[in-house]
2 protein chains.
Amino acid sequence: MRQRGKKPVRSPPRRAGSRIHAELAAGIGTRILDGTYPPGTLLPNEAEWGQMFHASRTAVREAIKTLNGKGLLVSRPKIGSRVEPRERWNLLDRDVMAWHCAAMDKTAFLISLQEVRRILEPGAAVLAASRRTPQQLAELEAALEGMRNAADAEAMVEPDVRFHLALLACANNELLAPFGIIIEQALANLFAFTTRHNAKPGQVVPMHDDVVRAIAAQDAEAARKAMFVLLDDTDNVIGKPINAEVKEPSAPPHSAASS
Amino acid sequence: MRQRGKKPVRSPPRRAGSRIHAELAAGIGTRILDGTYPPGTLLPNEAEWGQMFHASRTAVREAIKTLNGKGLLVSRPKIGSRVEPRERWNLLDRDVMAWHCAAMDKTAFLISLQEVRRILEPGAAVLAASRRTPQQLAELEAALEGMRNAADAEAMVEPDVRFHLALLACANNELLAPFGIIIEQALANLFAFTTRHNAKPGQVVPMHDDVVRAIAAQDAEAARKAMFVLLDDTDNVIGKPINAEVKEPSAPPHSAASS
DNA sequence: CAACGGGATTTTGTATGACAAATAAGATTG
DNA sequence: CAATCTTATTTGTCATACAAAATCCCGTTG
C-alpha cells in the first residue's frame, strides 16, 4: 500500500512481453556483422541506442553485455563500446553465425562452410571409427534410418543434420562439438540449392551408409574416404550453380577492413 | 528530503573500480565449467547470486547476460537460469576456454587440443599454400624470424603462437579464425611441458621453416606433410610425460552426461 | 474422485534515477 | 612550452518499483 507519491509518467507498456534486450542485441549485432559498424568503430553510446530502440538504458546495457560475451565488443568508461577485430568474434556462435549469414552472400558463405567441412569431417570420421561407443553408433544408424524414411528432400534435412552431428559426437572430442553449428548452417542453407539442383538424391543415402559401415567396422581409412565422397557430392551440388552464375575467376577472400 | 548532502545508507564504495559484472561472470562461469552446476541444473536466482557476491541484482543480471551470450545459460521468467547442454557451449570462446582449462585435467585437455590441431592445421596449410597473399606470407616469415631470434624457450612461445595464427590467416577462410584460440591455449599450456621436457629445441625452427618454404612455393602437399612433422614433434613432447605419469590404459573420453 | 481452470506466487524482464569511477580532452599555471 | 589540474563524457553500480511469464496450487465442477 506504500504508494509513495505518484507514478512517474512511465512509457507505454511497450508491447506485449518480448525480450527487448534480445531484440537490441540482434539489432546491434546485425549492424556490426553487416559492416555498418566495422571493427575499430566506436558505437553510439548507451543513451543513443536507447533512443533509437525506444528502450531503457538497462535493456541496452544487457544487450551490450550479451554481445560482449560473443566477443563482438569491448566497453570502457569514458570511451564507449568499440567493435573488436574480426578474429576475436565468436563466429561459431549461433546468433553471430545467423547475423553473419544474413549479411553476406549466401553462396560465398556456403563455400567457406564447405571448405571447413572438408577439413573437419574426414578427420572426425577417423576418430569416430576408433572411438565411437555402441550407443553413439546406434544414434548414427538411427539418423541414417531417418534419412531413408524421409518422404522428400525437405524432410531429409533434419535427419541429415542429425547424422553429421552424431558423427561429430562419435569422435568423442569435446572441442569438436562447437563445429556442429557449421554443419547445421551448411545443411540448412544447402537445402536452397538441393531443391533447385536435385543432384541424384538416390545416391545420398547409400553414401551415408558407407560412412556408417566403415565406422561400425572401425575402419578409419574407409571412413575417411567415404566422408570425402559425401563431401564431393555436396560440393557438386553447390559447385554447379556457382559455375553457372559467377563470372570472375578470383575475388578477394573477404572485404578488406579499410572501408 | 532526498539525502543529497552526504553519503546515504549506500553500501561501501565497493573497492576501487573493478568490473563487478566481469568478476561475477567469471565466478558463475567457473562454477559451471567445473561441474558445480552441471548441464540441466537450475542456477540460484539473481537475488541469491547477489547475496553470494555482495553485488546488486543489476550486476548479477549483466553477468548472466554475458554467460548467456556464450551459450552457457538460458533464462526464462519464473523458471530461472538453466545450464545449457555442453554441446551448446561456446567452448572456443576465450573466457570459456580459460575456465574450462582451469577446471579440467591439463594433460587430457592438451591431448584434446592436439587432436583438433592434427585435423585442422594440415588442412589450413593446404589452403594457405594456394591462397596466401604476399603480405600474409611476409607475416608468416616475420614470425619465423622471431622464433629464430628467441633467446630461450620461453621467448619462443610468443612468435610461435604468432606463426600458427599467421598460418591460419593465410588460409583466408574466416570460419577458420575461431581456431586461433585453440592455438593460443595449446601453445600457452604446452609451454609448461616444453620447459620440463626440452625436446631438442634446435629442430623446432627448421621444421617451421619447412612449412614456410612449402607455402611460399605454393606446394600444398609439402605444406601438409611439413605440418604433420611439426605436430608429430609436439605430440612427442606431450606424449613422453604422459606415458611417464599416467598409469591407467584407457579412461573415458570425458565424463558422460549421466542422463 | 478426477480432470480442468483460474488465480497466487516466484522469477526474470524493464524502467528510472542517482551516483561512482575512469579517462580523454581541454584549461591552467609554472 | 610543458607539466599539471580541471572538466566533461561515458560506462559501471546500486536501489527501487513494477510488468510479464509460467509454474504450481487449489478450488470448482462434471
# chains A, B, ... in the order shown; residues from 1 in each chain; ligands from 1
$ calpha_fit_rmsd --fixed "chain A" --moving "chain B"
1.4 Å
$ residues_around --residues "DT14 of chain C" --least-positions-apart "4" --cutoff "9 Å" --atoms "only C-alpha atoms (C1' of nucleotides)" --output "count of residues only"
7
$ residues_around --residues "segment 100-104 of chain A" --least-positions-apart "5" --cutoff "7 Å" --atoms "only C-alpha atoms (C1' of nucleotides)" --output "ChimeraX atom specification"
/A:33-34,109
$ select_by_dssp --residues "segment 18-250 of chain A" --states "strand (DSSP E or B)" --output "MDAnalysis selection string"
chainID A and resid 42 73:76 80:83
$ closest_residue --among "A:Ala217, A:Leu176, A:Val204, A:Val157" --to "chain B" --atoms "only C-alpha atoms"
A:Leu176
$ residues_around --residues "segment 20-29 of chain C" --least-positions-apart "3" --cutoff "9 Å" --atoms "only C-alpha atoms (C1' of nucleotides)" --output "list in words"
Arg76, Pro77, Lys78 and Ile79 of chain A; Pro13, Ala16 and Gly17 of chain B; DT4, DC5, DT6, DT7, DA8, DT9, DT11, DG12 and DT13 of chain D
$ write_last_selection --atoms "N, CA and C atoms (P, O5', C5', C4', C3', O3' and C1' of nucleotides)" --output "PDB file, in the first residue's frame"
ATOM      1  N   ARG A  76      34.571   0.430 -22.391  1.00  0.00           N
ATOM      2  CA  ARG A  76      35.368   1.038 -21.332  1.00  0.00           C
ATOM      3  C   ARG A  76      34.781   2.402 -20.988  1.00  0.00           C
ATOM      4  N   PRO A  77      34.864   2.759 -19.696  1.00  0.00           N
ATOM      5  CA  PRO A  77      34.300   4.041 -19.265  1.00  0.00           C
ATOM      6  C   PRO A  77      34.931   5.202 -20.026  1.00  0.00           C
ATOM      7  N   LYS A  78      34.121   6.163 -20.265  1.00  0.00           N
ATOM      8  CA  LYS A  78      34.511   7.400 -20.953  1.00  0.00           C
ATOM      9  C   LYS A  78      34.807   7.164 -22.434  1.00  0.00           C
ATOM     10  N   ILE A  79      35.128   5.930 -22.808  1.00  0.00           N
ATOM     11  CA  ILE A  79      35.428   5.646 -24.193  1.00  0.00           C
ATOM     12  C   ILE A  79      34.162   5.260 -24.934  1.00  0.00           C
TER      13      ILE A  79
ATOM     14  N   PRO B  13      32.003   1.889  -0.780  1.00  0.00           N
ATOM     15  CA  PRO B  13      32.372   2.155  -2.175  1.00  0.00           C
ATOM     16  C   PRO B  13      32.746   0.914  -2.964  1.00  0.00           C
ATOM     17  N   ALA B  16      37.869  -0.016  -5.094  1.00  0.00           N
ATOM     18  CA  ALA B  16      38.082   0.841  -6.255  1.00  0.00           C
ATOM     19  C   ALA B  16      37.669   0.105  -7.515  1.00  0.00           C
ATOM     20  N   GLY B  17      37.276   0.873  -8.488  1.00  0.00           N
ATOM     21  CA  GLY B  17      36.590   0.391  -9.676  1.00  0.00           C
ATOM     22  C   GLY B  17      37.105  -0.920 -10.262  1.00  0.00           C
TER      23      GLY B  17
ATOM     24  P    DT D   4      53.968  16.819 -13.604  1.00  0.00           P
ATOM     25  O5'  DT D   4      52.631  17.606 -13.182  1.00  0.00           O
ATOM     26  C5'  DT D   4      52.724  18.947 -12.704  1.00  0.00           C
ATOM     27  C4'  DT D   4      51.340  19.574 -12.637  1.00  0.00           C
ATOM     28  C3'  DT D   4      50.261  18.650 -12.048  1.00  0.00           C
ATOM     29  O3'  DT D   4      49.561  19.340 -11.027  1.00  0.00           O
ATOM     30  C1'  DT D   4      49.513  19.616 -14.072  1.00  0.00           C
ATOM     31  P    DC D   5      48.580  18.524 -10.045  1.00  0.00           P
ATOM     32  O5'  DC D   5      47.222  19.331 -10.274  1.00  0.00           O
ATOM     33  C5'  DC D   5      47.285  20.744 -10.502  1.00  0.00           C
ATOM     34  C4'  DC D   5      45.957  21.224 -11.090  1.00  0.00           C
ATOM     35  C3'  DC D   5      44.744  20.498 -10.506  1.00  0.00           C
ATOM     36  O3'  DC D   5      43.765  21.453 -10.127  1.00  0.00           O
ATOM     37  C1'  DC D   5      44.742  20.337 -12.891  1.00  0.00           C
ATOM     38  P    DT D   6      42.382  20.990  -9.431  1.00  0.00           P
ATOM     39  O5'  DT D   6      41.372  21.202 -10.631  1.00  0.00           O
ATOM     40  C5'  DT D   6      41.455  22.403 -11.407  1.00  0.00           C
ATOM     41  C4'  DT D   6      40.501  22.332 -12.583  1.00  0.00           C
ATOM     42  C3'  DT D   6      39.093  21.830 -12.246  1.00  0.00           C
ATOM     43  O3'  DT D   6      38.159  22.723 -12.828  1.00  0.00           O
ATOM     44  C1'  DT D   6      40.000  20.566 -14.035  1.00  0.00           C
ATOM     45  P    DT D   7      36.604  22.576 -12.534  1.00  0.00           P
ATOM     46  O5'  DT D   7      36.086  21.942 -13.901  1.00  0.00           O
ATOM     47  C5'  DT D   7      36.654  22.386 -15.136  1.00  0.00           C
ATOM     48  C4'  DT D   7      36.166  21.503 -16.275  1.00  0.00           C
ATOM     49  C3'  DT D   7      34.753  20.939 -16.105  1.00  0.00           C
ATOM     50  O3'  DT D   7      34.096  21.015 -17.360  1.00  0.00           O
ATOM     51  C1'  DT D   7      36.234  19.180 -16.529  1.00  0.00           C
ATOM     52  P    DA D   8      32.479  21.116 -17.369  1.00  0.00           P
ATOM     53  O5'  DA D   8      32.191  20.153 -18.599  1.00  0.00           O
ATOM     54  C5'  DA D   8      33.173  20.045 -19.636  1.00  0.00           C
ATOM     55  C4'  DA D   8      33.130  18.661 -20.271  1.00  0.00           C
ATOM     56  C3'  DA D   8      31.727  18.033 -20.280  1.00  0.00           C
ATOM     57  O3'  DA D   8      31.562  17.362 -21.505  1.00  0.00           O
ATOM     58  C1'  DA D   8      33.217  16.589 -19.174  1.00  0.00           C
ATOM     59  P    DT D   9      30.072  17.071 -22.021  1.00  0.00           P
ATOM     60  O5'  DT D   9      30.223  15.561 -22.478  1.00  0.00           O
ATOM     61  C5'  DT D   9      31.419  15.148 -23.122  1.00  0.00           C
ATOM     62  C4'  DT D   9      31.663  13.681 -22.893  1.00  0.00           C
ATOM     63  C3'  DT D   9      30.411  12.805 -22.957  1.00  0.00           C
ATOM     64  O3'  DT D   9      30.671  11.725 -23.815  1.00  0.00           O
ATOM     65  C1'  DT D   9      31.648  12.317 -21.018  1.00  0.00           C
ATOM     66  P    DT D  11      28.729   4.598 -23.198  1.00  0.00           P
ATOM     67  O5'  DT D  11      29.291   3.656 -22.024  1.00  0.00           O
ATOM     68  C5'  DT D  11      30.559   3.042 -22.178  1.00  0.00           C
ATOM     69  C4'  DT D  11      31.121   2.639 -20.826  1.00  0.00           C
ATOM     70  C3'  DT D  11      30.427   1.455 -20.156  1.00  0.00           C
ATOM     71  O3'  DT D  11      31.415   0.619 -19.575  1.00  0.00           O
ATOM     72  C1'  DT D  11      30.415   3.289 -18.700  1.00  0.00           C
ATOM     73  P    DG D  12      30.983  -0.742 -18.850  1.00  0.00           P
ATOM     74  O5'  DG D  12      30.830  -0.289 -17.335  1.00  0.00           O
ATOM     75  C5'  DG D  12      31.996  -0.147 -16.538  1.00  0.00           C
ATOM     76  C4'  DG D  12      31.630  -0.069 -15.058  1.00  0.00           C
ATOM     77  C3'  DG D  12      30.701  -1.185 -14.572  1.00  0.00           C
ATOM     78  O3'  DG D  12      31.192  -1.668 -13.318  1.00  0.00           O
ATOM     79  C1'  DG D  12      29.745   0.914 -14.085  1.00  0.00           C
ATOM     80  P    DT D  13      30.534  -2.927 -12.657  1.00  0.00           P
ATOM     81  O5'  DT D  13      29.548  -2.284 -11.596  1.00  0.00           O
ATOM     82  C5'  DT D  13      30.090  -1.565 -10.500  1.00  0.00           C
ATOM     83  C4'  DT D  13      28.980  -0.966  -9.684  1.00  0.00           C
ATOM     84  C3'  DT D  13      27.910  -1.974  -9.230  1.00  0.00           C
ATOM     85  O3'  DT D  13      28.032  -2.102  -7.825  1.00  0.00           O
ATOM     86  C1'  DT D  13      26.949   0.090  -9.971  1.00  0.00           C
TER      87       DT D  13
END
